[in-house]
Amino acid sequence: MGIEIKKATAADIDEIERMYDALNDHLAAGTNWPGWKKGVYPVRQNALDGLAEDALYVARLQPGGPIAGSVVLNHLPETPPVHGRWLIEATDDEVLAVHVFVVHPMYMRRGVGTALLAFAERLAADRRMKSLRLDVYEKNLPAIHTYERCGYQYIDTVDIGLGHYGLDWFRLYEKLVPPRP
């Protein structure tokens, strides 16, 4: 059986918070590719916000198993407007944005991230979105490799205002959603 991805529920929030903390501990002990920091990002409030927006999804390797990853999929861009640079002209309501994309360190290299991105693509197609968009810290090489391998196209490198955390530049990516018949 494949990876199961479903909308998160309030009952998942404690486990998601533990996953965020486990990932931040893992990053702090090695190479912190995304520049995340425990207690700063991602945190419980990010999951609660995603849940309140009905936009938080969790991945499990088996039904009822532990949460292996999560993502928030909504229409809210985190980046400043980048006019004339996206692959396609679209309003925020025509774009699905990928946020708080997390894989538990115990489940890395098991296809969880790729499955979450494939799910986002199916959801975007089902909702008749024009594209998927995301931003990623320029030094987050594992994530950049995953996005590019999954067909996301590099758009530009921009400052999204997180320099006070030492995160000066973010790469923007977009993947067009084929129109449904």
# chains A, B, ... in the order shown; residues from 1 in each chain; ligands from 1

call {"tool": "select_by_dssp", "arguments": {"residues": "chain A", "states": "alpha helix (DSSP H)", "output": "number ranges by chain"}}
result
A: 13-29, 44-52, 112-126, 141-149

call {"tool": "closest_residue", "arguments": {"among": "A:His104, A:Arg85, A:Arg60, A:His75", "to": "Asp25 (chain A)", "atoms": "only C-alpha atoms"}}
result
A:His104

call {"tool": "closest_atom_pairs", "arguments": {"of": "region 84-117 of chain A", "to": "region 12-20 of chain A", "cutoff": "12 Å", "atoms": "only C-alpha atoms", "output": "tab-separated table"}}
result
residue	atom	partner	partner_atom	distance
A:Val100	CA	A:Tyr20	CA	9.6
A:Phe101	CA	A:Tyr20	CA	10.3
A:Val102	CA	A:Tyr20	CA	7.5
A:Val103	CA	A:Met19	CA	8.0
A:His104	CA	A:Met19	CA	5.6
A:Pro105	CA	A:Met19	CA	8.2
A:Met106	CA	A:Met19	CA	9.5
A:Tyr107	CA	A:Met19	CA	10.6

call {"tool": "write_last_selection", "arguments": {"atoms": "all heavy atoms", "output": "short mmCIF file (atom, residue, chain, number, x, y, z; two decimals), in the first residue's frame"}}
result
data_model
loop_
_atom_site.label_atom_id
_atom_site.label_comp_id
_atom_site.auth_asym_id
_atom_site.auth_seq_id
_atom_site.Cartn_x
_atom_site.Cartn_y
_atom_site.Cartn_z
N VAL A 100 5.02 25.13 4.76
CA VAL A 100 5.31 24.28 5.93
C VAL A 100 5.41 22.82 5.48
O VAL A 100 4.77 21.93 6.02
CB VAL A 100 4.27 24.46 7.06
CG1 VAL A 100 4.89 24.05 8.40
CG2 VAL A 100 3.74 25.87 7.15
N PHE A 101 6.23 22.60 4.48
CA PHE A 101 6.45 21.27 3.88
C PHE A 101 7.48 20.53 4.73
O PHE A 101 8.64 20.92 4.77
CB PHE A 101 6.93 21.49 2.44
CG PHE A 101 7.25 20.25 1.68
CD1 PHE A 101 6.28 19.27 1.48
CD2 PHE A 101 8.49 20.08 1.12
CE1 PHE A 101 6.57 18.14 0.74
CE2 PHE A 101 8.79 18.95 0.38
CZ PHE A 101 7.83 17.98 0.19
N VAL A 102 7.03 19.49 5.45
CA VAL A 102 7.86 18.85 6.47
C VAL A 102 7.82 17.33 6.31
O VAL A 102 6.75 16.75 6.12
CB VAL A 102 7.35 19.22 7.89
CG1 VAL A 102 8.12 18.49 8.96
CG2 VAL A 102 7.43 20.72 8.11
N VAL A 103 8.99 16.71 6.44
CA VAL A 103 9.08 15.25 6.52
C VAL A 103 9.79 14.92 7.83
O VAL A 103 10.86 15.49 8.13
CB VAL A 103 9.85 14.65 5.32
CG1 VAL A 103 10.04 13.14 5.50
CG2 VAL A 103 9.11 14.95 4.01
N HIS A 104 9.20 14.03 8.61
CA HIS A 104 9.81 13.61 9.88
C HIS A 104 11.16 12.97 9.58
O HIS A 104 11.29 12.19 8.64
CB HIS A 104 8.89 12.59 10.57
CG HIS A 104 9.24 12.34 11.99
ND1 HIS A 104 10.41 11.71 12.37
CD2 HIS A 104 8.57 12.63 13.12
CE1 HIS A 104 10.45 11.63 13.68
NE2 HIS A 104 9.35 12.18 14.17
N PRO A 105 12.20 13.27 10.38
CA PRO A 105 13.52 12.72 10.09
C PRO A 105 13.56 11.19 10.06
O PRO A 105 14.37 10.60 9.33
CB PRO A 105 14.42 13.28 11.20
CG PRO A 105 13.53 13.93 12.19
CD PRO A 105 12.22 14.18 11.54
N MET A 106 12.68 10.53 10.80
CA MET A 106 12.64 9.06 10.77
C MET A 106 12.16 8.50 9.43
O MET A 106 12.36 7.32 9.13
CB MET A 106 11.73 8.52 11.88
CG MET A 106 12.30 8.67 13.27
SD MET A 106 11.18 8.07 14.58
CE MET A 106 10.64 6.50 13.93
N TYR A 107 11.52 9.35 8.62
CA TYR A 107 10.92 8.88 7.37
C TYR A 107 11.53 9.53 6.13
O TYR A 107 10.98 9.41 5.04
CB TYR A 107 9.40 9.10 7.41
CG TYR A 107 8.77 8.39 8.58
CD1 TYR A 107 8.40 9.09 9.71
CD2 TYR A 107 8.61 7.01 8.57
CE1 TYR A 107 7.85 8.44 10.81
CE2 TYR A 107 8.07 6.35 9.65
CZ TYR A 107 7.69 7.07 10.77
OH TYR A 107 7.17 6.42 11.84
#

call {"tool": "select_by_dssp", "arguments": {"residues": "region 30-143 of chain A", "states": "strand (DSSP E)", "output": "ChimeraX atom specification"}}
result
/A:56-60,67-74,95-103,131-137

call {"tool": "write_last_selection", "arguments": {"atoms": "N, CA, C and O atoms", "output": "compact mmCIF listing (two decimals), in the first residue's frame"}}
result
# COMPACT_ATOMS: atom_id res chain seq x y z
N LEU A 56 -4.35 21.92 6.03
CA LEU A 56 -3.26 21.12 6.59
C LEU A 56 -3.48 19.65 6.25
O LEU A 56 -4.56 19.10 6.52
N TYR A 57 -2.45 19.02 5.69
CA TYR A 57 -2.52 17.61 5.29
C TYR A 57 -1.39 16.84 5.96
O TYR A 57 -0.31 17.38 6.18
N VAL A 58 -1.66 15.57 6.27
CA VAL A 58 -0.65 14.71 6.87
C VAL A 58 -0.46 13.46 6.02
O VAL A 58 -1.39 12.98 5.37
N ALA A 59 0.77 12.97 6.04
CA ALA A 59 1.13 11.75 5.32
C ALA A 59 1.50 10.67 6.33
O ALA A 59 2.18 10.95 7.33
N ARG A 60 1.02 9.47 6.06
CA ARG A 60 1.36 8.30 6.88
C ARG A 60 1.78 7.17 5.95
O ARG A 60 1.21 7.01 4.86
N ILE A 67 2.54 9.98 11.91
CA ILE A 67 2.63 10.99 10.86
C ILE A 67 4.08 11.05 10.37
O ILE A 67 5.01 11.24 11.15
N ALA A 68 4.24 10.87 9.06
CA ALA A 68 5.57 10.86 8.45
C ALA A 68 5.91 12.20 7.81
O ALA A 68 7.08 12.48 7.54
N GLY A 69 4.89 13.03 7.56
CA GLY A 69 5.13 14.32 6.95
C GLY A 69 3.85 15.13 6.93
O GLY A 69 2.77 14.60 7.20
N SER A 70 3.98 16.40 6.62
CA SER A 70 2.80 17.26 6.51
C SER A 70 3.10 18.44 5.61
O SER A 70 4.25 18.76 5.32
N VAL A 71 2.01 19.08 5.17
CA VAL A 71 2.13 20.25 4.30
C VAL A 71 0.86 21.09 4.45
O VAL A 71 -0.21 20.55 4.74
N VAL A 72 1.01 22.39 4.27
CA VAL A 72 -0.12 23.30 4.20
C VAL A 72 -0.25 23.72 2.73
O VAL A 72 0.73 24.17 2.13
N LEU A 73 -1.45 23.54 2.18
CA LEU A 73 -1.72 23.89 0.78
C LEU A 73 -2.86 24.89 0.76
O LEU A 73 -4.01 24.54 1.07
N ASN A 74 -2.55 26.13 0.42
CA ASN A 74 -3.57 27.18 0.41
C ASN A 74 -3.31 28.15 -0.74
O ASN A 74 -2.49 27.87 -1.62
N VAL A 95 -4.02 29.74 -7.80
CA VAL A 95 -2.73 29.13 -7.51
C VAL A 95 -2.82 28.41 -6.17
O VAL A 95 -3.40 28.92 -5.21
N LEU A 96 -2.23 27.24 -6.11
CA LEU A 96 -2.10 26.52 -4.84
C LEU A 96 -0.67 26.71 -4.36
O LEU A 96 0.28 26.41 -5.10
N ALA A 97 -0.52 27.28 -3.17
CA ALA A 97 0.81 27.56 -2.61
C ALA A 97 1.19 26.46 -1.61
O ALA A 97 0.35 26.01 -0.82
N VAL A 98 2.43 26.04 -1.67
CA VAL A 98 2.97 24.99 -0.79
C VAL A 98 3.69 25.68 0.37
O VAL A 98 4.62 26.47 0.15
N HIS A 99 3.27 25.36 1.60
CA HIS A 99 3.87 25.95 2.81
C HIS A 99 4.14 24.86 3.84
O HIS A 99 3.49 23.82 3.84
N VAL A 100 5.02 25.13 4.76
CA VAL A 100 5.31 24.28 5.93
C VAL A 100 5.41 22.82 5.48
O VAL A 100 4.77 21.93 6.02
N PHE A 101 6.23 22.60 4.48
CA PHE A 101 6.45 21.27 3.88
C PHE A 101 7.48 20.53 4.73
O PHE A 101 8.64 20.92 4.77
N VAL A 102 7.03 19.49 5.45
CA VAL A 102 7.86 18.85 6.47
C VAL A 102 7.82 17.33 6.31
O VAL A 102 6.75 16.75 6.12
N VAL A 103 8.99 16.71 6.44
CA VAL A 103 9.08 15.25 6.52
C VAL A 103 9.79 14.92 7.83
O VAL A 103 10.86 15.49 8.13
N SER A 131 -1.56 26.76 -11.34
CA SER A 131 -0.19 26.35 -11.01
C SER A 131 -0.03 26.14 -9.51
O SER A 131 -0.90 26.52 -8.71
N LEU A 132 1.09 25.53 -9.18
CA LEU A 132 1.56 25.40 -7.80
C LEU A 132 2.77 26.29 -7.66
O LEU A 132 3.62 26.35 -8.56
N ARG A 133 2.88 27.00 -6.53
CA ARG A 133 4.01 27.89 -6.29
C ARG A 133 4.56 27.67 -4.90
O ARG A 133 3.82 27.31 -3.99
N LEU A 134 5.85 27.94 -4.75
CA LEU A 134 6.49 27.83 -3.44
C LEU A 134 7.75 28.66 -3.41
O LEU A 134 8.26 29.08 -4.44
N ASP A 135 8.22 28.90 -2.19
CA ASP A 135 9.52 29.53 -2.02
C ASP A 135 10.35 28.62 -1.11
O ASP A 135 9.82 27.88 -0.31
N VAL A 136 11.66 28.68 -1.30
CA VAL A 136 12.58 27.83 -0.54
C VAL A 136 13.88 28.61 -0.32
O VAL A 136 14.37 29.29 -1.22
N TYR A 137 14.40 28.50 0.90
CA TYR A 137 15.67 29.17 1.22
C TYR A 137 16.73 28.69 0.23
O TYR A 137 16.86 27.50 -0.05

call {"tool": "atom_distance", "arguments": {"atom1": "CA of Leu116 (chain A)", "atom2": "CA of Glu148 (chain A)"}}
result
14.5 Å

call {"tool": "atom_distance", "arguments": {"atom1": "CA of Leu176 (chain A)", "atom2": "CA of Asp92 (chain A)"}}
result
14.0 Å

call {"tool": "closest_residue", "arguments": {"among": "A:Leu61, A:Ala10, A:Ile144, A:Ile5", "to": "Arg44 (chain A)", "atoms": "only C-alpha atoms"}}
result
A:Ala10

call {"tool": "atom_distance", "arguments": {"atom1": "CA of Asp49 (chain A)", "atom2": "CA of Thr91 (chain A)"}}
result
21.8 Å

call {"tool": "closest_residue", "arguments": {"among": "A:Leu167, A:Leu162, A:Ala120, A:Ile3", "to": "Pro63 (chain A)", "atoms": "only C-alpha atoms"}}
result
A:Ile3

call {"tool": "residues_around", "arguments": {"residues": "Arg180 (chain A)", "least_positions_apart": "5", "cutoff": "10 Å", "atoms": "only C-alpha atoms", "output": "NGL selection string"}}
result
:A and (125-129)

call {"tool": "closest_residue", "arguments": {"among": "A:Gly161, A:Gly111, A:Pro77, A:Pro179", "to": "Ala124 (chain A)", "atoms": "only C-alpha atoms"}}
result
A:Pro179

call {"tool": "residues_around", "arguments": {"residues": "Asn24 (chain A)", "least_positions_apart": "2", "cutoff": "7 Å", "atoms": "only C-alpha atoms", "output": "VMD selection string"}}
result
chain A and resid 20 to 22 26 to 28 36 to 38

call {"tool": "write_last_selection", "arguments": {"atoms": "C-alpha atoms", "output": "mmCIF file, in the first residue's frame"}}
result
data_model
loop_
_atom_site.group_PDB
_atom_site.id
_atom_site.type_symbol
_atom_site.label_atom_id
_atom_site.label_comp_id
_atom_site.auth_asym_id
_atom_site.auth_seq_id
_atom_site.Cartn_x
_atom_site.Cartn_y
_atom_site.Cartn_z
ATOM 1 C CA TYR A 20 8.340 19.812 13.862
ATOM 2 C CA ASP A 21 10.468 19.627 17.020
ATOM 3 C CA ALA A 22 12.089 16.326 15.961
ATOM 4 C CA HIS A 26 17.686 16.754 13.572
ATOM 5 C CA LEU A 27 18.611 19.857 11.575
ATOM 6 C CA ALA A 28 20.388 21.449 14.545
ATOM 7 C CA TRP A 36 14.781 26.573 10.592
ATOM 8 C CA LYS A 37 14.986 26.950 14.350
ATOM 9 C CA LYS A 38 13.125 25.117 17.092
#
